[in-house]
file coords.txt (compact mmCIF, C-alpha atoms and all ligand atoms)
# COMPACT_ATOMS: atom_id res chain seq x y z
CA MET A 18 174.54 112.47 104.86
CA GLU A 19 175.40 109.31 102.96
CA PRO A 20 174.66 109.41 99.25
CA LEU A 21 171.63 107.31 98.28
CA THR A 22 173.64 105.29 95.85
CA SER A 23 175.70 103.69 98.62
CA LYS A 24 172.61 101.84 99.97
CA ARG A 25 171.83 100.15 96.71
CA LYS A 26 172.31 96.41 96.76
CA VAL A 27 174.14 94.90 93.88
CA ILE A 28 172.36 91.80 92.62
CA GLU A 29 174.44 89.41 90.67
CA SER A 30 172.55 87.16 88.32
CA LYS A 31 173.72 83.57 88.40
CA PRO A 32 173.58 81.67 85.13
CA LEU A 33 170.67 79.16 85.10
CA ASN A 34 171.54 75.48 85.12
CA PHE A 35 170.02 72.99 82.67
CA LEU A 36 167.00 72.05 84.87
CA GLU A 37 166.19 75.65 85.57
CA ARG A 38 166.37 76.51 81.91
CA ALA A 39 163.90 73.69 81.19
CA TYR A 40 161.58 75.11 83.94
CA LEU A 41 161.46 71.65 85.51
CA PRO A 42 161.77 72.59 89.20
CA ALA A 43 159.10 75.29 88.77
CA ILE A 44 156.73 72.92 86.94
CA LEU A 45 157.18 70.20 89.56
CA SER A 46 156.62 72.65 92.38
CA GLY A 47 153.43 73.89 90.67
CA LEU A 48 152.19 70.33 90.18
CA ARG A 49 152.90 69.54 93.83
CA ILE A 50 150.73 72.49 94.95
CA THR A 51 147.95 71.55 92.50
CA GLY A 52 148.04 67.92 93.68
CA LYS A 53 147.90 69.00 97.32
CA HIS A 54 144.74 71.02 96.74
CA PHE A 55 143.11 68.56 94.36
CA PHE A 56 142.10 66.13 97.10
CA ARG A 57 141.19 68.72 99.70
CA LYS A 58 137.62 69.77 100.43
CA SER A 59 136.78 72.73 98.23
CA VAL A 60 136.33 76.05 100.02
CA THR A 61 134.21 77.50 97.24
CA ILE A 62 130.59 76.67 96.39
CA ARG A 63 128.62 76.72 93.15
CA TYR A 64 126.67 79.91 93.84
CA PRO A 65 123.84 80.66 93.04
CA GLU A 66 122.76 76.98 92.70
CA GLN A 67 124.25 76.31 96.13
CA LYS A 68 123.88 78.75 98.99
CA ARG A 69 125.65 78.98 102.29
CA GLU A 70 123.66 78.89 105.47
CA PHE A 71 123.46 82.37 106.95
CA SER A 72 124.13 83.12 110.58
CA GLU A 73 121.17 84.09 112.72
CA ASN A 74 122.52 87.64 112.79
CA PHE A 75 122.67 87.94 109.02
CA ARG A 76 121.24 91.19 107.69
CA GLY A 77 119.94 90.96 104.17
CA MET A 78 117.53 92.85 102.00
CA HIS A 79 115.02 95.08 103.77
CA SER A 80 111.32 94.38 103.88
CA LEU A 81 108.57 96.78 104.82
CA LYS A 82 106.07 94.95 106.98
CA ARG A 83 102.31 94.80 107.10
CA ASP A 84 100.26 94.41 110.24
CA GLU A 85 98.00 91.47 111.04
CA GLU A 86 95.25 93.06 108.92
CA GLY A 87 97.51 93.45 105.93
CA ARG A 88 97.96 97.22 106.24
CA GLU A 89 101.35 98.87 105.72
CA ARG A 90 102.95 99.52 109.08
CA CYS A 91 105.19 102.37 107.95
CA THR A 92 103.91 105.80 108.94
CA ALA A 93 106.60 107.74 107.09
CA CYS A 94 107.97 109.21 110.31
CA GLY A 95 111.41 109.41 108.72
CA LEU A 96 113.36 108.04 111.70
CA CYS A 97 114.93 105.30 109.61
CA ALA A 98 116.16 107.81 107.04
CA LEU A 99 117.48 110.07 109.81
CA SER A 100 119.38 107.26 111.46
CA CYS A 101 120.86 105.94 108.23
CA PRO A 102 124.61 106.71 108.18
CA ALA A 103 124.80 106.09 104.44
CA GLU A 104 121.86 108.34 103.52
CA ALA A 105 120.47 105.45 101.56
CA ILE A 106 116.79 105.96 102.34
CA THR A 107 114.52 108.39 100.51
CA MET A 108 110.85 108.78 101.26
CA ILE A 109 107.91 110.97 100.47
CA ALA A 110 105.09 110.99 102.99
CA ALA A 111 101.42 111.25 102.09
CA GLU A 112 98.16 111.50 104.00
CA ARG A 113 95.80 108.60 104.06
CA GLN A 114 92.55 109.37 102.29
CA PRO A 115 89.08 108.23 103.39
CA GLY A 116 88.58 104.69 102.16
CA GLU A 117 92.27 103.81 102.43
CA GLU A 118 92.08 102.60 106.04
CA HIS A 119 92.47 99.01 104.85
CA LEU A 120 95.76 99.90 103.11
CA TYR A 121 97.62 102.03 105.61
CA ARG A 122 97.63 101.63 109.36
CA GLU A 123 97.87 105.30 110.33
CA GLU A 124 96.99 108.71 108.92
CA LYS A 125 100.40 109.10 107.28
CA TYR A 126 102.11 106.61 105.02
CA ALA A 127 105.11 106.47 102.70
CA ALA A 128 103.91 107.20 99.19
CA VAL A 129 107.51 106.72 98.04
CA TYR A 130 110.02 104.67 99.97
CA GLU A 131 113.32 103.91 98.29
CA ILE A 132 116.56 102.35 99.46
CA ASN A 133 119.72 102.67 97.45
CA MET A 134 121.26 99.23 97.92
CA LEU A 135 124.60 100.45 96.58
CA ARG A 136 124.84 102.93 99.44
CA CYS A 137 123.42 100.69 102.12
CA ILE A 138 125.99 99.12 104.45
CA PHE A 139 123.44 96.79 106.08
CA CYS A 140 124.16 98.18 109.51
CA GLY A 141 120.58 97.65 110.68
CA LEU A 142 120.20 101.10 112.25
CA CYS A 143 117.00 101.75 110.28
CA GLU A 144 115.51 98.60 111.77
CA GLU A 145 116.52 99.66 115.28
CA ALA A 146 115.20 103.20 114.85
CA CYS A 147 111.76 102.21 113.59
CA PRO A 148 109.10 102.73 116.28
CA LYS A 149 106.46 100.81 114.30
CA GLU A 150 108.33 97.56 113.65
CA ALA A 151 107.85 98.35 110.00
CA ILE A 152 111.27 97.59 108.56
CA TYR A 153 113.43 94.51 108.96
CA LEU A 154 116.58 93.35 107.21
CA ASP A 155 115.33 89.81 107.01
CA GLY A 156 115.62 89.21 103.27
CA ASP A 157 118.14 87.49 101.06
CA ILE A 158 121.37 88.86 99.57
CA VAL A 159 120.74 91.77 97.20
CA PRO A 160 121.15 90.24 93.74
CA SER A 161 123.77 91.57 91.38
CA ASN A 162 122.78 93.78 88.50
CA TYR A 163 124.24 95.79 85.66
CA LEU A 164 122.77 99.26 86.11
CA ARG A 165 122.97 101.59 89.09
CA LYS A 166 119.32 102.49 88.77
CA ASP A 167 118.37 98.84 89.32
CA PHE A 168 119.82 99.00 92.81
CA ILE A 169 117.27 101.61 93.91
CA TYR A 170 114.62 99.46 95.53
CA GLY A 171 111.17 101.00 95.76
CA LYS A 172 108.01 99.90 97.51
CA ASP A 173 107.29 97.35 94.78
CA LYS A 174 110.32 95.37 95.97
CA LEU A 175 110.34 96.30 99.64
CA VAL A 176 106.77 95.98 100.89
CA GLU A 177 105.92 92.42 101.78
CA GLU A 178 103.13 90.65 99.91
CA PRO A 179 99.56 91.23 101.13
CA LEU A 180 98.22 88.49 103.41
CA ASN A 181 95.66 87.11 100.95
CA GLN A 182 98.25 86.42 98.19
S1 LIG B 1 120.85 99.11 106.93
FE1 LIG B 1 121.99 100.92 107.61
S2 LIG B 1 122.85 101.77 105.74
FE2 LIG B 1 121.23 100.34 105.11
S3 LIG B 1 119.41 101.60 104.89
FE3 LIG B 1 119.39 100.81 106.99
S4 LIG B 1 120.42 102.38 108.23
FE4 LIG B 1 120.89 102.78 106.08
S1 LIG B 2 110.07 102.36 108.32
FE1 LIG B 2 109.66 102.88 110.47
S2 LIG B 2 111.15 104.49 110.95
FE2 LIG B 2 111.03 104.34 108.72
S3 LIG B 2 109.54 105.87 108.15
FE3 LIG B 2 108.47 103.91 108.35
S4 LIG B 2 107.70 103.91 110.44
FE4 LIG B 2 109.26 105.49 110.36
call {"tool": "encode", "arguments": {"input": "coords.txt", "output": "structure tokens"}}
result
Amino acid sequence: MEPLTSKRKVIESKPLNFLERAYLPAILSGLRITGKHFFRKSVTIRYPEQKREFSENFRGMHSLKRDEEGRERCTACGLCALSCPAEAITMIAAERQPGEEHLYREEKYAAVYEINMLRCIFCGLCEEACPKEAIYLDGDIVPSNYLRKDFIYGKDKLVEEPLNQ
């Protein structure tokens, strides 16, 4: 076996000429690149003042839907949580009490429904799994935040506004 040292390439450093020592070629080359891009159409936008148009297939923030009478559609069946590959959904089911028929569509509802937006990969499987058409990823981009706990979205952020508001 050949010794490792024999494969090493010897690099000879050439002395810099006057222009190179004055950084002139490098500065001119940098200016040429800057000038080339200066007059081109910018590829960036001033987000969040400007927003790009989303594709029709865009999946954004989830919303929990109400029916035509304003009642929550979700029946806390848990299929969305089961189908979630990121284990991002947590829920606690509760039984509807007499007098709550105007709030919840069926006997069971989600007393707690939380999505961890840091875990979510926006695959849309929860939407596909839902038998009640109760969850859709039809919202905007999840806004940035500083604390992990602020990315846990509960019903206050997920359930859509009642009809009369
Ligand atoms: S979009 Fe996908 S990852 Fe996000 S909560 Fe739904 S199933 Fe889970
Ligand atoms: S959102 Fe749909 S799938 Fe998820 S618990 Fe509610 S009814 Fe079931």
call {"tool": "closest_residue", "arguments": {"input": "coords.txt", "among": "A:Glu89, A:Glu117, A:Glu70, A:Glu124", "to": "Leu175 in chain A", "atoms": "all atoms listed in the file"}}
result
A:Glu89
call {"tool": "residues_near_ligand", "arguments": {"input": "coords.txt", "ligand": "ligand LIG 1 (chain B)", "cutoff": "12 Å", "atoms": "all atoms listed in the file", "output": "mmCIF file with C-alpha atoms, in the frame of the given file"}}
result
data_model
loop_
_atom_site.group_PDB
_atom_site.id
_atom_site.type_symbol
_atom_site.label_atom_id
_atom_site.label_comp_id
_atom_site.auth_asym_id
_atom_site.auth_seq_id
_atom_site.Cartn_x
_atom_site.Cartn_y
_atom_site.Cartn_z
ATOM 1 C CA PHE A 75 122.670 87.940 109.020
ATOM 2 C CA ARG A 76 121.240 91.190 107.690
ATOM 3 C CA GLY A 77 119.940 90.960 104.170
ATOM 4 C CA MET A 78 117.530 92.850 102.000
ATOM 5 C CA HIS A 79 115.020 95.080 103.770
ATOM 6 C CA SER A 80 111.320 94.380 103.880
ATOM 7 C CA LEU A 81 108.570 96.780 104.820
ATOM 8 C CA GLY A 95 111.410 109.410 108.720
ATOM 9 C CA LEU A 96 113.360 108.040 111.700
ATOM 10 C CA CYS A 97 114.930 105.300 109.610
ATOM 11 C CA ALA A 98 116.160 107.810 107.040
ATOM 12 C CA LEU A 99 117.480 110.070 109.810
ATOM 13 C CA SER A 100 119.380 107.260 111.460
ATOM 14 C CA CYS A 101 120.860 105.940 108.230
ATOM 15 C CA PRO A 102 124.610 106.710 108.180
ATOM 16 C CA ALA A 103 124.800 106.090 104.440
ATOM 17 C CA GLU A 104 121.860 108.340 103.520
ATOM 18 C CA ALA A 105 120.470 105.450 101.560
ATOM 19 C CA ILE A 106 116.790 105.960 102.340
ATOM 20 C CA THR A 107 114.520 108.390 100.510
ATOM 21 C CA MET A 108 110.850 108.780 101.260
ATOM 22 C CA TYR A 130 110.020 104.670 99.970
ATOM 23 C CA GLU A 131 113.320 103.910 98.290
ATOM 24 C CA ILE A 132 116.560 102.350 99.460
ATOM 25 C CA ASN A 133 119.720 102.670 97.450
ATOM 26 C CA MET A 134 121.260 99.230 97.920
ATOM 27 C CA LEU A 135 124.600 100.450 96.580
ATOM 28 C CA ARG A 136 124.840 102.930 99.440
ATOM 29 C CA CYS A 137 123.420 100.690 102.120
ATOM 30 C CA ILE A 138 125.990 99.120 104.450
ATOM 31 C CA PHE A 139 123.440 96.790 106.080
ATOM 32 C CA CYS A 140 124.160 98.180 109.510
ATOM 33 C CA GLY A 141 120.580 97.650 110.680
ATOM 34 C CA LEU A 142 120.200 101.100 112.250
ATOM 35 C CA CYS A 143 117.000 101.750 110.280
ATOM 36 C CA GLU A 144 115.510 98.600 111.770
ATOM 37 C CA GLU A 145 116.520 99.660 115.280
ATOM 38 C CA ALA A 146 115.200 103.200 114.850
ATOM 39 C CA CYS A 147 111.760 102.210 113.590
ATOM 40 C CA ILE A 152 111.270 97.590 108.560
ATOM 41 C CA TYR A 153 113.430 94.510 108.960
ATOM 42 C CA LEU A 154 116.580 93.350 107.210
ATOM 43 C CA ASP A 155 115.330 89.810 107.010
ATOM 44 C CA GLY A 156 115.620 89.210 103.270
ATOM 45 C CA VAL A 159 120.740 91.770 97.200
ATOM 46 C CA ILE A 169 117.270 101.610 93.910
ATOM 47 C CA TYR A 170 114.620 99.460 95.530
ATOM 48 C CA LEU A 175 110.340 96.300 99.640
#
call {"tool": "residues_around", "arguments": {"input": "coords.txt", "residues": "Gln114 in chain A", "least_positions_apart": "3", "cutoff": "12 Å", "atoms": "only C-alpha atoms", "output": "short mmCIF file (atom, residue, chain, number, x, y, z; two decimals) with C-alpha atoms, in the frame of the given file"}}
result
data_model
loop_
_atom_site.label_atom_id
_atom_site.label_comp_id
_atom_site.auth_asym_id
_atom_site.auth_seq_id
_atom_site.Cartn_x
_atom_site.Cartn_y
_atom_site.Cartn_z
CA ALA A 111 101.42 111.25 102.09
CA GLU A 117 92.27 103.81 102.43
CA GLU A 118 92.08 102.60 106.04
CA HIS A 119 92.47 99.01 104.85
CA LEU A 120 95.76 99.90 103.11
CA TYR A 121 97.62 102.03 105.61
CA ARG A 122 97.63 101.63 109.36
CA GLU A 123 97.87 105.30 110.33
CA GLU A 124 96.99 108.71 108.92
CA LYS A 125 100.40 109.10 107.28
CA TYR A 126 102.11 106.61 105.02
CA ALA A 128 103.91 107.20 99.19
#
call {"tool": "atom_distance", "arguments": {"input": "coords.txt", "atom1": "CA of Ala127 in chain A", "atom2": "CA of Gly87 in chain A"}}
result
15.4 Å
call {"tool": "atom_distance", "arguments": {"input": "coords.txt", "atom1": "CA of Glu178 in chain A", "atom2": "CA of Asp157 in chain A"}}
result
15.4 Å
call {"tool": "atom_distance", "arguments": {"input": "coords.txt", "atom1": "CA of Ala93 in chain A", "atom2": "CA of Asp167 in chain A"}}
result
23.1 Å
call {"tool": "closest_residue", "arguments": {"input": "coords.txt", "among": "A:Pro115, A:Gly47, A:Pro148, A:Pro32", "to": "ligand LIG 2 (chain B)", "atoms": "all atoms listed in the file"}}
result
A:Pro148
call {"tool": "closest_residue", "arguments": {"input": "coords.txt", "among": "A:Pro160, A:Cys91, A:Pro179, A:Arg165", "to": "ligand LIG 2 (chain B)", "atoms": "all atoms listed in the file"}}
result
A:Cys91
call {"tool": "closest_residue", "arguments": {"input": "coords.txt", "among": "A:Arg25, A:Arg69, A:Lys172, A:Arg90", "to": "Ile158 in chain A", "atoms": "all atoms listed in the file"}}
result
A:Arg69
